[in-house]
Every structure is written in structure tokens, then in C-alpha cells.
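Have a look at the structure below, then the notes.
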Amino acid sequence: MLVVQIKENESIDKALKRFKKKFEKTGVLKELRSRSAFEKKSVKRRQQVIHASYVQKMREGEEL
């Protein structure tokens with residue numbers, strides 16, 4: 001259960017923003033979306049490989 005303490009003289013918008021950040025970090029929505037449809041292990045693995053190669057290319061570009 002997420003709890004966000006509202007500080008003195010803090011607007012509701014800021015508190016809501018902090019709540020949304022905490023909620024996003026928990027990964028609940030990401031997990032829910034991944035469970036909504038079955039995905040074969042081979043497809044999941046292929047996506048991981050593609051993502052890893054993308055990240056590697058981005059890091060190589062940073063070094064240059």
C-alpha cells in the first residue's frame with residue numbers, strides 16, 4: 001500500500017505527482033499489461049535481445 005504524506009502548505013497537485021512517481025516505480029501497471037495477454041517465451045526472449053542490442057548501441061554512441 002502506497003502512502004504519501006502531504007507536507008504543510010503543499011498543493012494537492014505536487015502530492016499527486018509524488019504518488020504517481022511512487023506508483024510507477026512499483027511496476028504494477030507494467031505487470032498488469034504484461035499479464036493481459038499471453039506471450040510466448042521465444043517472443044519475450046527475442047524482444048529482450050532486441051532491447052539489449054539497442055541499449056548497447058546507445059551506450060557505444062555515448063562513448064564516441
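Residue numbering restarts at 1 for every chain of the C-alpha cells, chains are lettered A, B, ... in their displayed order, and ligands are numbered from 1 as they appear.
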Give me every helix (DSSP H, G or I) residue in chain A, going by DSSP on the backbone, as number ranges by chain. A: 12-26, 28-36, 41-63
Selected residues written out with N, CA and C atoms, as a compact mmCIF listing (two decimals), in the first residue's frame:
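The result, stored in again-v4.txt:
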# COMPACT_ATOMS: atom_id res chain seq x y z
N ILE A 12 -2.10 19.91 -3.62
CA ILE A 12 -2.56 18.55 -3.93
C ILE A 12 -1.88 18.04 -5.20
N ASP A 13 -1.64 18.95 -6.14
CA ASP A 13 -1.01 18.57 -7.40
C ASP A 13 0.38 17.97 -7.18
N LYS A 14 1.16 18.59 -6.32
CA LYS A 14 2.51 18.09 -6.04
C LYS A 14 2.46 16.74 -5.34
N ALA A 15 1.53 16.60 -4.40
CA ALA A 15 1.39 15.33 -3.69
C ALA A 15 0.94 14.23 -4.66
N LEU A 16 0.04 14.57 -5.56
CA LEU A 16 -0.42 13.60 -6.55
C LEU A 16 0.72 13.20 -7.49
N LYS A 17 1.56 14.16 -7.84
CA LYS A 17 2.71 13.88 -8.69
C LYS A 17 3.68 12.91 -8.00
N ARG A 18 3.91 13.12 -6.70
CA ARG A 18 4.79 12.21 -5.94
C ARG A 18 4.17 10.82 -5.86
N PHE A 19 2.84 10.76 -5.69
CA PHE A 19 2.15 9.48 -5.65
C PHE A 19 2.31 8.74 -6.97
N LYS A 20 2.13 9.45 -8.06
CA LYS A 20 2.25 8.83 -9.39
C LYS A 20 3.65 8.29 -9.62
N LYS A 21 4.68 9.03 -9.17
CA LYS A 21 6.06 8.57 -9.30
C LYS A 21 6.28 7.28 -8.52
N LYS A 22 5.80 7.26 -7.28
CA LYS A 22 5.94 6.06 -6.46
C LYS A 22 5.22 4.88 -7.09
N PHE A 23 4.02 5.13 -7.59
CA PHE A 23 3.23 4.08 -8.21
C PHE A 23 3.92 3.53 -9.45
N GLU A 24 4.51 4.41 -10.24
CA GLU A 24 5.22 3.99 -11.45
C GLU A 24 6.43 3.13 -11.10
N LYS A 25 7.13 3.47 -10.02
CA LYS A 25 8.30 2.71 -9.61
C LYS A 25 7.96 1.30 -9.14
N THR A 26 6.75 1.10 -8.65
CA THR A 26 6.37 -0.23 -8.19
C THR A 26 6.22 -1.20 -9.35
N VAL A 28 3.46 -1.89 -11.06
CA VAL A 28 2.17 -2.58 -11.04
C VAL A 28 1.51 -2.53 -12.42
N LEU A 29 1.46 -1.35 -13.02
CA LEU A 29 0.82 -1.22 -14.33
C LEU A 29 1.55 -2.02 -15.40
N LYS A 30 2.86 -2.00 -15.35
CA LYS A 30 3.65 -2.75 -16.32
C LYS A 30 3.36 -4.25 -16.21
N GLU A 31 3.28 -4.73 -14.98
CA GLU A 31 2.97 -6.15 -14.74
C GLU A 31 1.57 -6.48 -15.21
N LEU A 32 0.62 -5.59 -14.94
CA LEU A 32 -0.76 -5.82 -15.34
C LEU A 32 -0.88 -5.91 -16.86
N ARG A 33 -0.20 -5.02 -17.55
CA ARG A 33 -0.26 -5.03 -19.02
C ARG A 33 0.40 -6.28 -19.59
N SER A 34 1.48 -6.72 -18.97
CA SER A 34 2.15 -7.91 -19.47
C SER A 34 1.31 -9.16 -19.25
N ARG A 35 0.51 -9.17 -18.20
CA ARG A 35 -0.34 -10.33 -17.91
C ARG A 35 -1.65 -10.31 -18.69
N SER A 36 -1.98 -9.21 -19.32
CA SER A 36 -3.26 -9.11 -20.01
C SER A 36 -3.34 -10.04 -21.22
N LYS A 41 7.46 -17.62 -24.70
CA LYS A 41 8.80 -17.37 -24.18
C LYS A 41 9.77 -16.96 -25.28
N SER A 42 9.60 -17.55 -26.46
CA SER A 42 10.51 -17.22 -27.57
C SER A 42 10.34 -15.77 -27.99
N VAL A 43 9.12 -15.28 -27.99
CA VAL A 43 8.84 -13.89 -28.37
C VAL A 43 9.40 -12.95 -27.31
N LYS A 44 9.20 -13.31 -26.05
CA LYS A 44 9.70 -12.49 -24.95
C LYS A 44 11.22 -12.40 -25.00
N ARG A 45 11.87 -13.54 -25.24
CA ARG A 45 13.33 -13.58 -25.31
C ARG A 45 13.84 -12.75 -26.49
N ARG A 46 13.17 -12.85 -27.63
CA ARG A 46 13.58 -12.07 -28.81
C ARG A 46 13.49 -10.58 -28.52
N GLN A 47 12.44 -10.16 -27.84
CA GLN A 47 12.30 -8.74 -27.50
C GLN A 47 13.40 -8.29 -26.54
N GLN A 48 13.78 -9.16 -25.61
CA GLN A 48 14.86 -8.82 -24.69
C GLN A 48 16.17 -8.65 -25.44
N VAL A 49 16.44 -9.52 -26.42
CA VAL A 49 17.67 -9.44 -27.19
C VAL A 49 17.69 -8.16 -28.02
N ILE A 50 16.57 -7.83 -28.62
CA ILE A 50 16.48 -6.61 -29.42
C ILE A 50 16.69 -5.38 -28.53
N HIS A 51 16.09 -5.37 -27.36
CA HIS A 51 16.26 -4.25 -26.44
C HIS A 51 17.72 -4.13 -25.98
N ALA A 52 18.34 -5.27 -25.68
CA ALA A 52 19.73 -5.26 -25.22
C ALA A 52 20.66 -4.72 -26.31
N SER A 53 20.41 -5.10 -27.56
CA SER A 53 21.26 -4.59 -28.64
C SER A 53 21.05 -3.09 -28.82
N TYR A 54 19.82 -2.63 -28.65
CA TYR A 54 19.52 -1.21 -28.76
C TYR A 54 20.26 -0.42 -27.68
N VAL A 55 20.20 -0.92 -26.45
CA VAL A 55 20.87 -0.26 -25.34
C VAL A 55 22.38 -0.23 -25.56
N GLN A 56 22.91 -1.33 -26.06
CA GLN A 56 24.35 -1.40 -26.32
C GLN A 56 24.77 -0.38 -27.38
N LYS A 57 23.98 -0.25 -28.43
CA LYS A 57 24.28 0.73 -29.47
C LYS A 57 24.24 2.15 -28.92
N MET A 58 23.26 2.41 -28.05
CA MET A 58 23.15 3.74 -27.46
C MET A 58 24.37 4.05 -26.59
N ARG A 59 24.82 3.06 -25.83
CA ARG A 59 25.99 3.28 -24.97
C ARG A 59 27.26 3.46 -25.78
N GLU A 60 27.37 2.74 -26.90
CA GLU A 60 28.54 2.91 -27.77
C GLU A 60 28.54 4.30 -28.38
N GLY A 61 27.39 4.81 -28.72
CA GLY A 61 27.26 6.15 -29.27
C GLY A 61 27.64 7.21 -28.26
N GLU A 62 27.37 6.95 -26.98
CA GLU A 62 27.73 7.90 -25.92
C GLU A 62 29.23 8.03 -25.76
N GLU A 63 29.94 6.92 -25.91
CA GLU A 63 31.38 6.90 -25.70
C GLU A 63 32.14 7.66 -26.76
